[in-house]
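Next up, start.cif (mmCIF, C-alpha atoms and all ligand atoms):
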```
data_run
loop_
_atom_site.label_atom_id
_atom_site.label_comp_id
_atom_site.auth_asym_id
_atom_site.auth_seq_id
_atom_site.Cartn_x
_atom_site.Cartn_y
_atom_site.Cartn_z
CA MET A 15 0.00 0.00 0.00
CA ASN A 16 1.17 3.53 -0.50
CA ILE A 17 0.48 3.78 3.21
CA GLN A 18 2.31 1.76 5.82
CA TRP A 19 -0.12 0.29 8.29
CA TYR A 20 0.98 -0.94 11.66
CA PRO A 21 -1.20 -2.62 14.28
CA GLY A 22 -1.01 0.55 16.40
CA HIS A 23 -2.33 2.67 13.54
CA MET A 24 -5.14 0.27 12.91
CA THR A 25 -6.21 0.27 16.55
CA LYS A 26 -6.05 4.07 16.71
CA THR A 27 -7.90 4.51 13.45
CA ARG A 28 -10.56 2.05 14.44
CA ARG A 29 -11.14 3.81 17.77
CA GLN A 30 -11.26 7.21 16.12
CA MET A 31 -13.68 6.01 13.52
CA GLU A 32 -15.93 4.34 16.04
CA GLN A 33 -16.15 7.71 17.78
CA ASP A 34 -16.72 9.68 14.59
CA ILE A 35 -19.39 7.28 13.48
CA ARG A 36 -21.48 8.20 16.51
CA LEU A 37 -21.68 11.73 15.13
CA VAL A 38 -23.20 10.74 11.81
CA ASP A 39 -26.50 9.37 10.57
CA ALA A 40 -25.01 7.29 7.77
CA VAL A 41 -21.72 5.93 6.49
CA CYS A 42 -20.78 6.22 2.87
CA GLU A 43 -18.19 3.63 1.86
CA ILE A 44 -16.28 4.17 -1.36
CA VAL A 45 -15.00 1.15 -3.25
CA ASP A 46 -13.25 0.68 -6.59
CA ALA A 47 -15.84 -0.71 -9.02
CA ARG A 48 -13.08 -2.80 -10.68
CA ILE A 49 -12.44 -4.69 -7.43
CA PRO A 50 -15.48 -4.11 -5.21
CA LEU A 51 -14.44 -6.81 -2.75
CA SER A 52 -10.69 -6.33 -2.55
CA SER A 53 -11.06 -2.58 -2.11
CA ARG A 54 -13.12 -3.01 1.06
CA ASN A 55 -11.94 -2.97 4.63
CA PRO A 56 -12.33 -6.40 6.26
CA ASP A 57 -13.76 -4.96 9.48
CA ILE A 58 -16.05 -2.37 7.96
CA ASP A 59 -19.27 -3.94 9.24
CA VAL A 60 -18.06 -3.98 12.82
CA ILE A 61 -16.62 -0.48 12.59
CA CYS A 62 -19.87 0.95 11.21
CA GLY A 63 -22.03 -0.68 13.85
CA GLY A 64 -25.65 -0.58 12.79
CA LYS A 65 -25.46 2.74 10.89
CA PRO A 66 -27.31 2.97 7.58
CA ARG A 67 -24.82 2.39 4.80
CA MET A 68 -24.24 3.59 1.30
CA ILE A 69 -21.80 2.04 -1.13
CA ILE A 70 -20.24 4.21 -3.79
CA LEU A 71 -19.04 2.09 -6.69
CA ASN A 72 -16.42 4.51 -7.98
CA ARG A 73 -14.30 4.46 -11.17
CA ILE A 74 -17.17 3.05 -13.20
CA ASP A 75 -15.43 4.60 -16.22
CA MET A 76 -12.77 1.89 -15.86
CA ALA A 77 -14.98 -1.05 -14.85
CA ASP A 78 -17.05 -3.48 -16.94
CA PRO A 79 -20.51 -1.80 -17.12
CA ALA A 80 -22.45 -5.09 -16.97
CA MET A 81 -20.49 -6.16 -13.90
CA THR A 82 -21.04 -2.80 -12.23
CA LYS A 83 -24.79 -3.38 -12.54
CA ARG A 84 -24.40 -6.84 -11.01
CA TRP A 85 -22.33 -5.48 -8.12
CA ALA A 86 -24.88 -2.72 -7.53
CA GLY A 87 -27.54 -5.43 -7.26
CA PHE A 88 -25.39 -7.41 -4.85
CA PHE A 89 -24.86 -4.50 -2.47
CA ARG A 90 -28.54 -3.56 -2.64
CA ARG A 91 -29.42 -7.10 -1.62
CA CYS A 92 -27.07 -6.56 1.35
CA GLY A 93 -29.38 -3.70 2.39
CA MET A 94 -27.21 -0.81 1.25
CA THR A 95 -28.02 2.14 -0.94
CA VAL A 96 -25.76 2.13 -4.00
CA LEU A 97 -24.42 4.95 -6.10
CA GLU A 98 -22.39 4.37 -9.26
CA THR A 99 -19.88 7.14 -9.88
CA ASP A 100 -17.03 8.38 -11.99
CA CYS A 101 -15.83 11.04 -9.58
CA LYS A 102 -13.09 12.22 -11.89
CA ASN A 103 -15.69 13.36 -14.41
CA ARG A 104 -18.31 14.05 -11.75
CA LYS A 105 -20.71 11.47 -13.08
CA GLY A 106 -23.28 10.12 -10.64
CA THR A 107 -22.17 12.39 -7.81
CA GLY A 108 -25.15 14.72 -8.33
CA GLN A 109 -27.43 11.97 -7.04
CA PHE A 110 -25.68 11.76 -3.69
CA ALA A 111 -28.02 14.04 -1.70
CA SER A 112 -31.19 12.33 -2.90
CA ALA A 113 -29.62 8.92 -2.28
CA VAL A 114 -28.83 9.90 1.34
CA ARG A 115 -32.39 11.11 1.85
CA GLU A 116 -33.71 7.85 0.45
CA LEU A 117 -31.38 5.86 2.72
CA LEU A 118 -32.47 7.85 5.75
CA LYS A 119 -36.15 8.17 4.91
CA ASP A 120 -37.30 6.44 8.12
CA LYS A 121 -35.17 8.76 10.22
CA ILE A 122 -36.42 11.81 8.32
CA GLN A 123 -39.98 10.69 8.94
CA LYS A 124 -39.27 10.27 12.67
CA TYR A 125 -37.82 13.78 12.81
CA GLN A 126 -40.96 15.09 11.14
CA GLU A 127 -43.18 13.31 13.63
CA LYS A 128 -41.18 14.87 16.47
CA GLY A 129 -41.59 18.33 14.95
CA GLN A 130 -37.93 18.41 13.87
CA ALA A 131 -38.46 18.48 10.11
CA GLY A 132 -35.37 19.73 8.30
CA ARG A 133 -32.97 18.58 11.02
CA THR A 134 -29.49 18.34 9.54
CA LEU A 135 -28.35 14.91 8.39
CA ARG A 136 -24.69 14.04 8.69
CA VAL A 137 -22.66 11.58 6.67
CA MET A 138 -19.12 10.27 6.85
CA VAL A 139 -17.07 9.01 3.91
CA VAL A 140 -14.79 6.02 4.47
CA GLY A 141 -12.61 3.75 2.35
CA ILE A 142 -9.15 2.35 1.78
CA PRO A 143 -6.50 4.64 0.21
CA ASN A 144 -6.76 5.58 -3.46
CA VAL A 145 -10.39 4.62 -4.04
CA GLY A 146 -11.30 8.27 -4.73
CA LYS A 147 -12.48 9.54 -1.34
CA SER A 148 -11.04 13.04 -1.71
CA THR A 149 -12.21 13.33 -5.30
CA PHE A 150 -15.69 12.28 -4.18
CA ILE A 151 -15.81 14.78 -1.33
CA ASN A 152 -14.70 17.54 -3.68
CA ALA A 153 -17.23 16.59 -6.33
CA VAL A 154 -20.13 16.36 -3.91
CA SER A 155 -19.32 19.46 -1.92
CA GLY A 156 -18.14 21.60 -4.82
CA ARG A 157 -14.82 22.20 -3.09
CA LYS A 158 -11.67 22.61 -5.10
CA SER A 159 -9.39 20.50 -2.94
CA ALA A 160 -9.83 18.35 0.10
CA LYS A 161 -6.89 16.00 0.00
CA ALA A 162 -7.09 14.00 3.15
CA GLU A 163 -4.23 13.74 5.56
CA ASN A 164 -2.88 10.54 4.06
CA ARG A 165 -1.37 9.16 7.20
CA PRO A 166 -3.11 6.57 9.29
CA GLY A 167 -4.20 7.65 12.70
CA VAL A 168 -3.57 11.37 12.16
CA THR A 169 -6.49 13.38 13.36
CA ARG A 170 -7.48 17.00 13.51
CA GLY A 171 -10.52 19.00 14.54
CA LYS A 172 -13.72 17.88 12.91
CA GLN A 173 -15.19 20.10 10.25
CA TRP A 174 -18.45 19.69 8.44
CA ILE A 175 -19.08 20.75 4.92
CA THR A 176 -22.51 21.47 3.58
CA VAL A 177 -23.59 19.35 0.65
CA GLU A 178 -26.95 21.11 0.50
CA LYS A 179 -29.33 22.62 3.04
CA GLY A 180 -29.89 20.05 5.77
CA LEU A 181 -27.12 17.71 4.65
CA GLU A 182 -23.53 17.81 5.89
CA MET A 183 -20.49 15.66 5.38
CA LEU A 184 -17.39 15.24 7.52
CA ASP A 185 -14.70 17.05 5.52
CA THR A 186 -12.05 14.36 6.02
CA PRO A 187 -12.69 10.78 5.03
CA GLY A 188 -11.99 7.80 7.24
CA ILE A 189 -8.95 6.06 5.79
CA LEU A 190 -9.14 2.33 6.34
CA TRP A 191 -6.83 -0.56 5.63
CA PRO A 192 -7.49 -3.30 3.08
CA LYS A 193 -7.50 -7.03 3.73
CA PHE A 194 -3.78 -7.16 2.99
CA GLU A 195 -3.12 -10.55 4.55
CA ASP A 196 -4.89 -12.10 1.55
CA PRO A 197 -2.37 -12.40 -1.37
CA GLU A 198 -5.14 -12.30 -4.00
CA VAL A 199 -6.32 -8.98 -2.59
CA GLY A 200 -2.76 -7.68 -2.66
CA LEU A 201 -2.41 -8.60 -6.33
CA LYS A 202 -5.66 -6.90 -7.30
CA LEU A 203 -4.71 -3.76 -5.42
CA ALA A 204 -1.40 -3.80 -7.25
CA TYR A 205 -2.94 -4.23 -10.74
CA THR A 206 -5.16 -1.24 -10.16
CA GLY A 207 -2.23 0.81 -8.90
CA ALA A 208 -3.44 1.17 -5.31
CA VAL A 209 -0.26 -0.59 -4.20
CA LYS A 210 3.02 0.58 -5.63
CA ASP A 211 4.75 -1.69 -8.14
CA ASN A 212 7.90 -1.96 -6.10
CA VAL A 213 5.98 -3.92 -3.46
CA VAL A 214 5.27 -6.78 -5.85
CA ASP A 215 7.47 -8.12 -8.66
CA VAL A 216 6.19 -6.66 -11.96
CA GLU A 217 6.40 -9.91 -13.86
CA THR A 218 4.54 -11.88 -11.19
CA LEU A 219 1.86 -9.22 -11.30
CA ALA A 220 1.59 -9.22 -15.09
CA VAL A 221 1.46 -13.02 -15.31
CA HIS A 222 -1.47 -13.14 -12.89
CA LEU A 223 -3.24 -10.26 -14.59
CA ILE A 224 -2.92 -11.62 -18.12
CA GLY A 225 -4.17 -15.02 -16.89
CA LEU A 226 -7.19 -13.41 -15.32
CA LEU A 227 -7.93 -11.36 -18.42
CA GLY A 228 -7.35 -14.41 -20.64
CA ARG A 229 -10.03 -16.30 -18.74
CA GLU A 230 -12.58 -13.51 -18.29
CA TYR A 231 -11.92 -11.11 -21.17
CA PRO A 232 -10.04 -13.02 -23.92
CA ASP A 233 -11.50 -10.81 -26.70
CA ALA A 234 -9.88 -7.73 -25.21
CA LEU A 235 -6.44 -9.39 -25.19
CA GLU A 236 -6.93 -10.74 -28.70
CA SER A 237 -7.88 -7.42 -30.20
CA ARG A 238 -5.15 -5.45 -28.43
CA TYR A 239 -2.24 -7.87 -28.87
CA ARG A 240 -3.43 -9.73 -31.97
CA PHE A 241 -2.94 -13.28 -30.83
CA THR A 242 -5.44 -16.06 -30.21
CA VAL A 243 -5.98 -17.04 -26.61
CA PRO A 244 -5.72 -20.86 -26.54
CA ASP A 245 -8.52 -22.89 -24.94
CA THR A 246 -6.16 -23.98 -22.22
CA PHE A 247 -3.04 -22.09 -21.28
CA GLU A 248 -0.45 -21.36 -18.62
CA ASP A 249 -0.69 -17.69 -17.63
CA TYR A 250 2.99 -17.10 -18.46
CA GLU A 251 2.37 -18.43 -21.98
CA LEU A 252 -0.06 -15.57 -22.69
CA LEU A 253 2.53 -13.02 -21.65
CA GLU A 254 4.98 -14.62 -24.05
CA LEU A 255 2.44 -14.66 -26.88
CA ALA A 256 1.65 -10.98 -26.36
CA GLY A 257 5.33 -10.05 -26.13
CA ARG A 258 6.18 -11.99 -29.26
CA LYS A 259 3.44 -10.22 -31.21
CA ARG A 260 4.76 -6.90 -29.98
CA GLY A 261 8.23 -7.88 -31.19
CA MET A 262 9.72 -7.72 -27.70
CA LEU A 263 12.51 -10.21 -28.23
CA ILE A 264 15.88 -10.62 -26.62
CA SER A 265 18.89 -12.53 -27.89
CA GLY A 266 18.13 -16.12 -28.81
CA GLY A 267 14.60 -15.23 -29.87
CA GLU A 268 13.23 -15.30 -26.33
CA VAL A 269 10.52 -12.90 -25.33
CA ASP A 270 11.43 -9.99 -23.09
CA THR A 271 8.64 -10.80 -20.68
CA GLU A 272 9.71 -8.17 -18.20
CA ARG A 273 9.27 -5.43 -20.78
CA MET A 274 5.95 -6.91 -21.85
CA SER A 275 4.89 -6.99 -18.20
CA ARG A 276 5.44 -3.25 -17.87
CA VAL A 277 3.52 -2.59 -21.07
CA LEU A 278 0.62 -4.79 -20.02
CA LEU A 279 0.30 -3.13 -16.61
CA GLU A 280 0.53 0.34 -18.08
CA GLU A 281 -2.03 -0.38 -20.79
CA TYR A 282 -4.34 -1.99 -18.27
CA ARG A 283 -4.09 0.97 -15.89
CA ASN A 284 -4.56 3.67 -18.47
CA GLY A 285 -7.60 1.91 -19.89
CA LYS A 286 -6.10 1.08 -23.31
CA LEU A 287 -6.97 -2.59 -22.88
CA GLY A 288 -10.59 -1.93 -22.00
CA ARG A 289 -12.89 -1.80 -19.01
CA PHE A 290 -12.64 -4.76 -16.69
CA THR A 291 -14.01 -5.90 -13.38
CA LEU A 292 -11.74 -8.41 -11.73
CA GLU A 293 -14.10 -10.01 -9.26
CA LYS A 294 -17.66 -11.27 -9.26
CA PRO A 295 -20.48 -11.07 -6.70
CA GLU A 296 -20.48 -14.89 -6.53
CA GLU A 297 -17.05 -14.70 -4.88
CA ALA A 298 -18.51 -12.58 -2.09
CA GLU A 299 -21.44 -14.92 -1.70
CA ALA A 300 -19.12 -17.93 -1.59
CA ASP A 301 -17.10 -16.17 1.08
CA GLY A 302 -20.28 -15.76 3.12
CA LYS A 303 -19.86 -12.02 2.98
CA GLU A 304 -23.45 -11.30 2.10
CA GLU A 305 -24.98 -9.74 5.16
P1 LIG A 401 -8.24 8.81 -1.94
O1 LIG A 401 -8.64 10.14 -1.34
O2 LIG A 401 -9.26 7.75 -1.65
O3 LIG A 401 -6.87 8.36 -1.55
O4 LIG A 401 -8.24 8.93 -3.54
P2 LIG A 401 -8.17 10.25 -4.45
O5 LIG A 401 -9.45 11.00 -4.38
O6 LIG A 401 -6.91 10.99 -4.15
O7 LIG A 401 -8.09 9.58 -5.89
C1 LIG A 401 -7.01 8.77 -6.27
C2 LIG A 401 -6.84 8.86 -7.79
O8 LIG A 401 -7.99 8.31 -8.42
C3 LIG A 401 -6.73 10.29 -8.33
O9 LIG A 401 -5.86 10.23 -9.46
C4 LIG A 401 -8.13 10.58 -8.81
O10 LIG A 401 -8.19 11.57 -9.82
C5 LIG A 401 -8.51 9.23 -9.36
N1 LIG A 401 -9.98 9.01 -9.40
C6 LIG A 401 -10.88 9.22 -8.42
N2 LIG A 401 -12.10 8.88 -8.82
C7 LIG A 401 -11.98 8.45 -10.11
C8 LIG A 401 -12.92 7.94 -11.08
O11 LIG A 401 -14.12 7.80 -10.84
N3 LIG A 401 -12.40 7.59 -12.30
C9 LIG A 401 -11.07 7.69 -12.59
N4 LIG A 401 -10.67 7.31 -13.80
N5 LIG A 401 -10.17 8.15 -11.70
C10 LIG A 401 -10.63 8.53 -10.48
P3 LIG A 401 -4.38 10.74 -9.42
O12 LIG A 401 -3.72 10.14 -10.57
O13 LIG A 401 -3.81 10.49 -8.05
O14 LIG A 401 -4.53 12.25 -9.56
P4 LIG A 401 -4.98 13.08 -10.86
O15 LIG A 401 -4.16 12.54 -11.98
O16 LIG A 401 -6.43 12.86 -11.07
O17 LIG A 401 -4.66 14.46 -10.47
#
```
Mind converting the file's structure to structure tokens?
Amino acid sequence: MNIQWYPGHMTKTRRQMEQDIRLVDAVCEIVDARIPLSSRNPDIDVICGGKPRMIILNRIDMADPAMTKRWAGFFRRCGMTVLETDCKNRKGTGQFASAVRELLKDKIQKYQEKGQAGRTLRVMVVGIPNVGKSTFINAVSGRKSAKAENRPGVTRGKQWITVEKGLEMLDTPGILWPKFEDPEVGLKLAYTGAVKDNVVDVETLAVHLIGLLGREYPDALESRYRFTVPDTFEDYELLELAGRKRGMLISGGEVDTERMSRVLLEEYRNGKLGRFTLEKPEEAEADGKEE
């Protein structure tokens, strides 16, 4: 991760967040739509207690649109309100306020019954690093910059920013840790660039990624690198096929797989290969994660 987490940080962050969460009516969790499971914090349900929850599937511009719809359905079935956004281009963010009001409609009704109609609703944004929390806060609040203090456990006075009349948001997001003890999660965070390349060997990363794409999105590989994905293959073989087609050869006619690895990762990250989602709702269901 581009952030170093230590057990002490995690404990401090968790405590801080548990306190902050008491101040809000709802928690808005941002995830990367390309890896909606791996970009979640493993303890998020405990940390949020019973607060109403919203999931923001962010970076939909880079994810497989059909899979984004399926993930939205999955999280709705888990009882959460879902918003699909491309925060960079401010798509979907305009629906935030109405989505919060929908999520909190029972509470709003109770306030009305108690003669407190219009009472301010408060929301907190949480998520692991690099999912787009700051970009989201800026887009929703209309602020120019709100880069969070990107160090775990660092706190400062709480400030609220107005989204619209009667709706406020904590101006700093809650930065959580990913499930980094799971190697699969680590790989997915590295493909998407949330973890720096120097943490994982580039070739190992590219071999896993091309294998995944070869199984789930063979057409994309075929049209970009102009080779046919065999019915059965070793992941490394695909990297060699792609490298050979790109003319990346070293002495003896071998493929410069390291160079091809860098190209693959770069083209994947900048969207040249296409829009992919690297995990399916079934994986969450199999894990028993459905609440
Ligand atoms: P964080 O607070 O959760 O750590 O994430 P942050 O908002 O800093 O966003 C991390 C990177 O992701 C930023 O890019 C941001 O522009 C980009 N981003 C956020 N939301 C989206 C989205 O919906 N789609 C796409 N394509 N990108 C998104 P950066 O390279 O760090 O900065 P910049 O090049 O945008 O200046």
Practice problem: Dump the neighbourhood of ligand LIG 401 (chain A) as a PyMOL selection string: all residues within 6 Å, distances computed on only C-alpha atoms and all ligand atoms. | Solution: chain A and resi 72-73+75+99-102+143-149
Quiz item: By how many Å are atom CA of Gly180 of chain A and atom CA of Ser112 of chain A apart?
Solution: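 A separation of 11.7 Å between them.
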Exercise. May I ask for the distance between atom CA of Gln33 of chain A and atom CA of Met94 of chain A, given in Å to one decimal place?
Key: 21.6 Å
Exercise. Determine, counting all atoms listed in the file, which protein, DNA and RNA residues have an atom within 9 Å of an atom of Gly228 of chain A; residues of the same chain fewer than 4 positions away are not included. Present the result as number ranges by chain.
Key: A: 223-224, 232-236, 243-244, 247, 249, 252
Create the file for the chosen residues now, containing C-alpha atoms and written as a PDB file, in the coordinates of the input.
```pdb
ATOM      1  CA  LEU A 223      -3.240 -10.260 -14.590  1.00  0.00           C
ATOM      2  CA  ILE A 224      -2.920 -11.620 -18.120  1.00  0.00           C
ATOM      3  CA  PRO A 232     -10.040 -13.020 -23.920  1.00  0.00           C
ATOM      4  CA  ASP A 233     -11.500 -10.810 -26.700  1.00  0.00           C
ATOM      5  CA  ALA A 234      -9.880  -7.730 -25.210  1.00  0.00           C
ATOM      6  CA  LEU A 235      -6.440  -9.390 -25.190  1.00  0.00           C
ATOM      7  CA  GLU A 236      -6.930 -10.740 -28.700  1.00  0.00           C
ATOM      8  CA  VAL A 243      -5.980 -17.040 -26.610  1.00  0.00           C
ATOM      9  CA  PRO A 244      -5.720 -20.860 -26.540  1.00  0.00           C
ATOM     10  CA  PHE A 247      -3.040 -22.090 -21.280  1.00  0.00           C
ATOM     11  CA  ASP A 249      -0.690 -17.690 -17.630  1.00  0.00           C
ATOM     12  CA  LEU A 252      -0.060 -15.570 -22.690  1.00  0.00           C
TER      13      LEU A 252
END
```
What are the nearest atom pairs, with distances in Å to one decimal, for all residues of segment 163-249 of chain A that come at most 6 Å from segment 131-139 of chain A, using all atoms listed in the file, set out by chain and rising residue number as a tab-separated table?
```
residue	atom	partner	partner_atom	distance
A:Gly180	CA	A:Thr134	CA	4.2
A:Leu181	CA	A:Leu135	CA	4.8
A:Glu182	CA	A:Arg136	CA	4.8
A:Met183	CA	A:Val137	CA	4.8
A:Leu184	CA	A:Met138	CA	5.3
A:Pro187	CA	A:Val139	CA	4.9
```
Self-check item: Of the listed residues A:Asn103, A:Ser275, A:Thr246, A:Thr25, that which approaches Arg260 of chain A most closely, counting all atoms listed in the file
Solution: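 Closest candidate: A:Ser275.
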Quiz item: Nearest to Gly87 of chain A among A:Arg36, A:Ala204, A:Pro295, A:Leu253, with distances taken over only C-alpha atoms: which residue is it?
Solution: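 Checking each candidate against Gly87 of chain A, we get A:Pro295 as the closest.
Residues surrounding segment 267-269 of chain A within 6 Å are Glu254, Gly257, Arg258 and Met262 of chain A [all atoms listed in the file; sequence separation below 5 positions excluded].
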Quiz prompt | Distance in Å - atom CA of Gly261 of chain A versus atom CA of Thr206 of chain A | solution =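 Spanning atom CA of Gly261 of chain A to atom CA of Thr206 of chain A is a straight-line distance of 25.8 Å.
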Quiz item: Between A:Asp46, A:Arg29, A:Asp34, A:Arg273, which is the closest to Ala208 of chain A once you count only C-alpha atoms?
Solution: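 Checking each candidate against Ala208 of chain A, we get A:Asp46 as the closest.
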So which residues touch Ala86 of chain A within 12 Å, counting only C-alpha atoms, skipping near sequence neighbours fewer than 4 positions away, as a short mmCIF file (atom, residue, chain, number, x, y, z; two decimals) with C-alpha atoms, in the coordinates of the input?
```
data_model
loop_
_atom_site.label_atom_id
_atom_site.label_comp_id
_atom_site.auth_asym_id
_atom_site.auth_seq_id
_atom_site.Cartn_x
_atom_site.Cartn_y
_atom_site.Cartn_z
CA VAL A 45 -15.00 1.15 -3.25
CA ALA A 47 -15.84 -0.71 -9.02
CA PRO A 50 -15.48 -4.11 -5.21
CA MET A 68 -24.24 3.59 1.30
CA ILE A 69 -21.80 2.04 -1.13
CA ILE A 70 -20.24 4.21 -3.79
CA LEU A 71 -19.04 2.09 -6.69
CA ASN A 72 -16.42 4.51 -7.98
CA ILE A 74 -17.17 3.05 -13.20
CA PRO A 79 -20.51 -1.80 -17.12
CA ALA A 80 -22.45 -5.09 -16.97
CA MET A 81 -20.49 -6.16 -13.90
CA THR A 82 -21.04 -2.80 -12.23
CA ARG A 90 -28.54 -3.56 -2.64
CA ARG A 91 -29.42 -7.10 -1.62
CA CYS A 92 -27.07 -6.56 1.35
CA GLY A 93 -29.38 -3.70 2.39
CA MET A 94 -27.21 -0.81 1.25
CA THR A 95 -28.02 2.14 -0.94
CA VAL A 96 -25.76 2.13 -4.00
CA LEU A 97 -24.42 4.95 -6.10
CA GLU A 98 -22.39 4.37 -9.26
CA THR A 99 -19.88 7.14 -9.88
CA LYS A 294 -17.66 -11.27 -9.26
CA PRO A 295 -20.48 -11.07 -6.70
#
```
Where atoms are absent from segment 227-245 of chain A, fill them in so it carries N, CA and C atoms, then output it as an mmCIF file, in the frame of the given file.
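Saved result, result11.cif, follows:
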```
data_model
loop_
_atom_site.group_PDB
_atom_site.id
_atom_site.type_symbol
_atom_site.label_atom_id
_atom_site.label_comp_id
_atom_site.auth_asym_id
_atom_site.auth_seq_id
_atom_site.Cartn_x
_atom_site.Cartn_y
_atom_site.Cartn_z
ATOM 1 N N LEU A 227 -7.284 -11.956 -17.247
ATOM 2 C CA LEU A 227 -7.930 -11.360 -18.420
ATOM 3 C C LEU A 227 -8.167 -12.420 -19.500
ATOM 4 N N GLY A 228 -7.213 -13.348 -19.640
ATOM 5 C CA GLY A 228 -7.350 -14.410 -20.640
ATOM 6 C C GLY A 228 -8.570 -15.290 -20.359
ATOM 7 N N ARG A 229 -8.873 -15.478 -19.089
ATOM 8 C CA ARG A 229 -10.030 -16.300 -18.740
ATOM 9 C C ARG A 229 -11.345 -15.515 -18.839
ATOM 10 N N GLU A 230 -11.326 -14.279 -18.364
ATOM 11 C CA GLU A 230 -12.580 -13.510 -18.290
ATOM 12 C C GLU A 230 -12.822 -12.608 -19.499
ATOM 13 N N TYR A 231 -11.765 -12.072 -20.071
ATOM 14 C CA TYR A 231 -11.920 -11.110 -21.170
ATOM 15 C C TYR A 231 -10.960 -11.433 -22.323
ATOM 16 N N PRO A 232 -11.007 -12.667 -22.870
ATOM 17 C CA PRO A 232 -10.040 -13.020 -23.920
ATOM 18 C C PRO A 232 -10.129 -12.107 -25.149
ATOM 19 N N ASP A 233 -11.341 -11.654 -25.496
ATOM 20 C CA ASP A 233 -11.500 -10.810 -26.700
ATOM 21 C C ASP A 233 -10.664 -9.541 -26.596
ATOM 22 N N ALA A 234 -10.612 -8.987 -25.392
ATOM 23 C CA ALA A 234 -9.880 -7.730 -25.210
ATOM 24 C C ALA A 234 -8.390 -7.961 -25.468
ATOM 25 N N LEU A 235 -7.865 -9.083 -24.966
ATOM 26 C CA LEU A 235 -6.440 -9.390 -25.190
ATOM 27 C C LEU A 235 -6.188 -9.642 -26.669
ATOM 28 N N GLU A 236 -7.113 -10.386 -27.287
ATOM 29 C CA GLU A 236 -6.930 -10.740 -28.700
ATOM 30 C C GLU A 236 -6.929 -9.506 -29.585
ATOM 31 N N SER A 237 -7.834 -8.570 -29.297
ATOM 32 C CA SER A 237 -7.880 -7.420 -30.200
ATOM 33 C C SER A 237 -6.723 -6.458 -29.946
ATOM 34 N N ARG A 238 -6.247 -6.385 -28.696
ATOM 35 C CA ARG A 238 -5.150 -5.450 -28.430
ATOM 36 C C ARG A 238 -3.797 -6.025 -28.888
ATOM 37 N N TYR A 239 -3.571 -7.322 -28.592
ATOM 38 C CA TYR A 239 -2.240 -7.870 -28.870
ATOM 39 C C TYR A 239 -2.184 -8.784 -30.087
ATOM 40 N N ARG A 240 -3.352 -9.001 -30.702
ATOM 41 C CA ARG A 240 -3.430 -9.730 -31.970
ATOM 42 C C ARG A 240 -2.850 -11.139 -31.901
ATOM 43 N N PHE A 241 -3.254 -11.847 -30.858
ATOM 44 C CA PHE A 241 -2.940 -13.280 -30.830
ATOM 45 C C PHE A 241 -4.201 -14.002 -30.359
ATOM 46 N N THR A 242 -4.260 -15.294 -30.614
ATOM 47 C CA THR A 242 -5.440 -16.060 -30.210
ATOM 48 C C THR A 242 -5.194 -16.687 -28.844
ATOM 49 N N VAL A 243 -6.102 -16.449 -27.948
ATOM 50 C CA VAL A 243 -5.980 -17.040 -26.610
ATOM 51 C C VAL A 243 -6.347 -18.522 -26.717
ATOM 52 N N PRO A 244 -5.394 -19.424 -26.421
ATOM 53 C CA PRO A 244 -5.720 -20.860 -26.540
ATOM 54 C C PRO A 244 -6.809 -21.282 -25.551
ATOM 55 N N ASP A 245 -7.455 -22.410 -25.839
ATOM 56 C CA ASP A 245 -8.520 -22.890 -24.940
ATOM 57 C C ASP A 245 -7.978 -23.177 -23.552
#
```
